[in-house]
Amino acid sequence: MTEFLYPFLERGETDLATVLADVEASTTRKGDDVIALRGSIDLQAVAACAAALRERLEHGGRLIAFGNGGSSTDAQDVALDCLARGWPAVCLTNDVATVTAVGNDVGYANVFARQLIPLARQNDVALAISTSGSSANIVAGLDEAHRRGLLTCAVTGYDGGRLRELPWLDHLFVVESDYVPRLQEAHATVYHLVLEVVGAR
Amino acid sequence: MRYVDEYRSGDVARKVTAEIETLLEPGRSYKVMEVCGGHTHTIYKHGIEDVLPEPVDLIHGPGCPVCVIPMGRVDDAIAIAERPEVTFTTFGDMMRVPGGNGSLLEAKARSADVRMVYSPLDALKIARQNPDREVVFFAIGFETTAPSTALTLLRARDEEILNFSVFCNHVTIIPAIRAILDSPDLRLDGFIGPGHVSTVIGTSPYRFIARDYGKPLVVAGFEPLDVLQSVYMILQQIADGRTEVENQYTRVVRESGNPRALEAIAETMELRTTFEWRGLGFISQSALKLRGEFADWDAELRYAVPGVRVADPKACQCGEVLKGVIKPWECKVFGTACTPERPIGTCMVSSEGACAAYYNYGRFQRRLETVEA
């Protein structure tokens, strides 16, 4: 009697038409969502950030990227792409020994700030990627970078979180979404666009 | 009161909890989820959490139909309600559910003709009495309330009442349970099965929970002893190493459910490919829409609705509450910015919502006292 309500219970996923319809609807929905988020990216802000980044790089600066979790792999991606264009770059989550040592001995909130203290030089650029915009180590890292005169850039999700409240932050991109997979896809678009405008050395 | 008092006996409750104690394995905790808002209400109204042993944790699942409605659907409802020719009818608790653009109650304050009804038949009656108005009923609920919408549609067709339509938001609980079982967030030991839904669908649709996921489920009634006995039956299964679907609510629920109600649903409604649930996202084949034969009574076809997805307010953690990942009092805005008088999230609206139940039965105060102590 309940077959019409729960056709999947007995048939499982053997009904090809249903599976294909599900996959199509799911794919279309996800595509629509990320297209809308990508459409909301402020291209003038991208151009301004890229110009400032290129100026620093041309004066001997490096891109220093950092993030947590999926954003840490995005930070590695942007650093590698920067290197591929001939500009010096580093990601602060590459060195597992340092990250775990600082996290264990000093505290996870300091894993980026403590690396920036010896690493950061004049003309460097700090790029933080954070879905929430409120991670303590991200805020602390940008704070340290600002104190040392670096150009500070951030890419966030949700409503921008605590990063939106930093009056000195030079460039901030907020992808206003609360769904992490989609907003991270838009994050990748943001930093790839910035690098596209920066161009090769 | 006869047939009520015997299900609320304190002496019997103490005996059942003592029996539950004997089933506990030392050092083990037990997480049991109820997936019916009526059970959530009973648990807090009668203080069942307070009498259960510490290792038994009741997790409140997505069993409140008002709570799982996404904000975008509320906005769609308001878009229909604000049309000048429309009289929009809805159950009372739905009127206060906030969408992205306020609630139906606020739309009413802006002069929309929004009226509370106790039954879809009341909405049909309004349509019959007001042939110059387009009367829309906001159909919401699980398999429990879908038959009443279905029978109303059949009556509208038979009486040829064409100034009546249904904005269908009926959802089905089985796909939601499956989504929870597939969720990596949760480690559950068993389910208290929904009594009202089961009166309609019976107990057989739950078999996959025991068979495929190895979890016990006991369909339960709504008096405090019903719930306590169900917890006992779940723990007994765990102690015996069994995983089965059992029926504690035998005085009402039959294995095959209510065939007439199921026929009415099947005649008037069919599954949507997918539907959005607050907190659980899109779930395949988890909601109902009107069949093509009832297109003349389908408000979604009759009116253009925005159909836009609206993200929940960031401060609101209804999603986590609905999945049982956090307790209501762990939400950042519980009892402060979000109260039954001014709800931010759906769970604070309906009396079946976990947050409203916590708030209304003093859980918030007790928690504060514990913390201060």
# chains A, B, ... in the order shown; residues from 1 in each chain; ligands from 1
$ closest_atom_pairs --of "stretch 27-135 of chain B" --to "stretch 281-298 of chain B" --cutoff "12 Å" --atoms "only C-alpha atoms" --output "tab-separated table"
residue	atom	partner	partner_atom	distance
B:Pro62	CA	B:Gly281	CA	12.0
B:Pro65	CA	B:Ala287	CA	11.5
B:Val68	CA	B:Gly281	CA	9.8
B:Ile69	CA	B:Gly281	CA	10.6
B:Pro70	CA	B:Gly281	CA	9.0
B:Leu124	CA	B:Trp297	CA	11.3
B:Ala127	CA	B:Trp297	CA	12.0
B:Glu134	CA	B:Trp297	CA	10.6
B:Val135	CA	B:Trp297	CA	10.1
$ write_last_selection --atoms "C-alpha atoms" --output "short mmCIF file (atom, residue, chain, number, x, y, z; two decimals), in the first residue's frame"
data_model
loop_
_atom_site.label_atom_id
_atom_site.label_comp_id
_atom_site.auth_asym_id
_atom_site.auth_seq_id
_atom_site.Cartn_x
_atom_site.Cartn_y
_atom_site.Cartn_z
CA PRO B 62 13.01 16.40 12.31
CA PRO B 65 6.44 19.60 10.09
CA VAL B 68 11.35 21.54 8.52
CA ILE B 69 9.72 24.00 6.11
CA PRO B 70 12.46 26.05 4.44
CA LEU B 124 -13.18 24.53 1.74
CA ALA B 127 -14.47 28.85 -0.36
CA GLU B 134 -9.91 32.58 -4.31
CA VAL B 135 -9.33 30.48 -1.19
#
$ closest_atom_pairs --of "chain A" --to "chain B" --cutoff "12 Å" --atoms "only C-alpha atoms" --output "CSV"
residue,atom,partner,partner_atom,distance
A:Met1,CA,B:Leu262,CA,7.0
A:Thr2,CA,B:Ile201,CA,6.7
A:Glu3,CA,B:Pro205,CA,8.9
A:Phe4,CA,B:Ala266,CA,7.0
A:Leu5,CA,B:Leu271,CA,6.8
A:Tyr6,CA,B:Ile174,CA,7.5
A:Pro7,CA,B:Gln285,CA,8.5
A:Phe8,CA,B:Gln285,CA,8.4
A:Leu9,CA,B:Phe208,CA,7.2
A:Glu10,CA,B:Phe208,CA,8.8
A:Arg11,CA,B:Phe208,CA,11.8
A:Gly12,CA,B:Phe208,CA,10.6
A:Glu13,CA,B:Ser284,CA,11.5
A:Ala17,CA,B:Thr273,CA,11.1
A:Thr18,CA,B:Thr273,CA,8.1
A:Val19,CA,B:Ser284,CA,9.5
A:Leu20,CA,B:Thr273,CA,10.7
A:Ala21,CA,B:Thr273,CA,7.4
A:Asp22,CA,B:Thr273,CA,6.7
A:Val23,CA,B:Ser284,CA,9.8
A:Glu24,CA,B:Thr273,CA,10.4
A:Ala25,CA,B:Thr274,CA,8.0
A:Ser26,CA,B:Phe282,CA,8.5
A:Thr27,CA,B:Phe282,CA,12.0
A:Arg29,CA,B:Phe282,CA,9.9
A:Lys30,CA,B:Phe282,CA,10.9
A:Asp32,CA,B:Arg309,CA,11.2
A:Asp33,CA,B:Arg309,CA,9.5
A:Ala36,CA,B:Arg309,CA,11.8
A:Ser132,CA,B:Lys314,CA,10.4
A:Gly157,CA,B:Lys314,CA,11.2
A:Tyr158,CA,B:Lys314,CA,7.5
A:Asp159,CA,B:Lys314,CA,8.1
A:Gly160,CA,B:Lys314,CA,11.0
A:Gly161,CA,B:Lys314,CA,10.1
A:Glu176,CA,B:Ala311,CA,9.9
A:Ser177,CA,B:Ala311,CA,7.6
A:Asp178,CA,B:Ala311,CA,7.0
A:Tyr179,CA,B:Ala311,CA,8.7
$ select_by_dssp --residues "stretch 124-208 of chain B" --states "alpha helix (DSSP H)" --output "VMD selection string"
chain B and resid 124 to 129 146 to 158 173 to 182 195 to 201 207 to 208
$ closest_residue --among "A:Ala51, A:Cys91, A:Ala65, A:Val102" --to "A:Leu142" --atoms "only C-alpha atoms"
A:Ala65
$ closest_residue --among "A:Cys153, A:Val194, A:Leu92, A:Ile41" --to "A:Gly67" --atoms "only C-alpha atoms"
A:Leu92
$ atom_distance --atom1 "atom CA of B:Gln229" --atom2 "atom CA of B:Ala13"
8.7 Å
$ closest_residue --among "A:Leu163, A:Val180, A:Ala145, A:Leu193" --to "A:Pro118" --atoms "only C-alpha atoms"
A:Ala145
$ closest_residue --among "B:Gly10, B:Gly141, B:Gly307, B:Gly92" --to "B:Ala77" --atoms "only C-alpha atoms"
B:Gly307
$ decode --residues "stretch 67-114 of chain B" --atoms "C-alpha atoms" --output "CSV table (one decimal), in the first residue's frame"
chain,number,residue,atom,x,y,z
B,67,CYS,CA,10.1,23.2,11.7
B,68,VAL,CA,11.3,21.5,8.5
B,69,ILE,CA,9.7,24.0,6.1
B,70,PRO,CA,12.5,26.0,4.4
B,71,MET,CA,12.2,29.8,4.5
B,72,GLY,CA,11.7,30.0,0.7
B,73,ARG,CA,8.4,28.1,0.9
B,74,VAL,CA,7.1,30.6,3.5
B,75,ASP,CA,8.0,33.4,1.1
B,76,ASP,CA,6.1,31.6,-1.6
B,77,ALA,CA,3.1,31.3,0.7
B,78,ILE,CA,3.3,35.0,1.5
B,79,ALA,CA,3.5,35.9,-2.2
B,80,ILE,CA,0.2,34.0,-2.8
B,81,ALA,CA,-1.4,35.4,0.4
B,82,GLU,CA,-0.7,39.0,-0.7
B,83,ARG,CA,-2.6,38.7,-3.9
B,84,PRO,CA,-5.7,40.9,-3.6
B,85,GLU,CA,-8.1,38.2,-4.8
B,86,VAL,CA,-6.8,35.5,-2.4
B,87,THR,CA,-8.0,34.4,1.0
B,88,PHE,CA,-5.1,32.4,2.4
B,89,THR,CA,-5.9,29.8,5.0
B,90,THR,CA,-3.4,28.0,7.2
B,91,PHE,CA,-2.9,26.2,10.5
B,92,GLY,CA,-2.2,28.6,13.3
B,93,ASP,CA,1.4,27.7,14.1
B,94,MET,CA,2.4,28.3,10.5
B,95,MET,CA,1.3,31.9,10.7
B,96,ARG,CA,4.3,32.8,12.9
B,97,VAL,CA,7.0,31.0,11.0
B,98,PRO,CA,9.5,33.6,9.7
B,99,GLY,CA,10.4,33.5,6.0
B,100,GLY,CA,13.0,35.7,4.3
B,101,ASN,CA,10.3,38.4,4.1
B,102,GLY,CA,8.6,38.2,7.5
B,103,SER,CA,5.8,35.8,8.4
B,104,LEU,CA,2.2,35.2,7.3
B,105,LEU,CA,1.1,37.0,10.5
B,106,GLU,CA,3.0,40.1,9.3
B,107,ALA,CA,1.5,39.8,5.9
B,108,LYS,CA,-1.9,39.8,7.6
B,109,ALA,CA,-0.9,43.0,9.4
B,110,ARG,CA,-0.1,44.4,6.0
B,111,SER,CA,-3.7,43.7,5.0
B,112,ALA,CA,-3.4,40.3,3.4
B,113,ASP,CA,-6.5,38.2,4.0
B,114,VAL,CA,-4.8,35.4,6.0
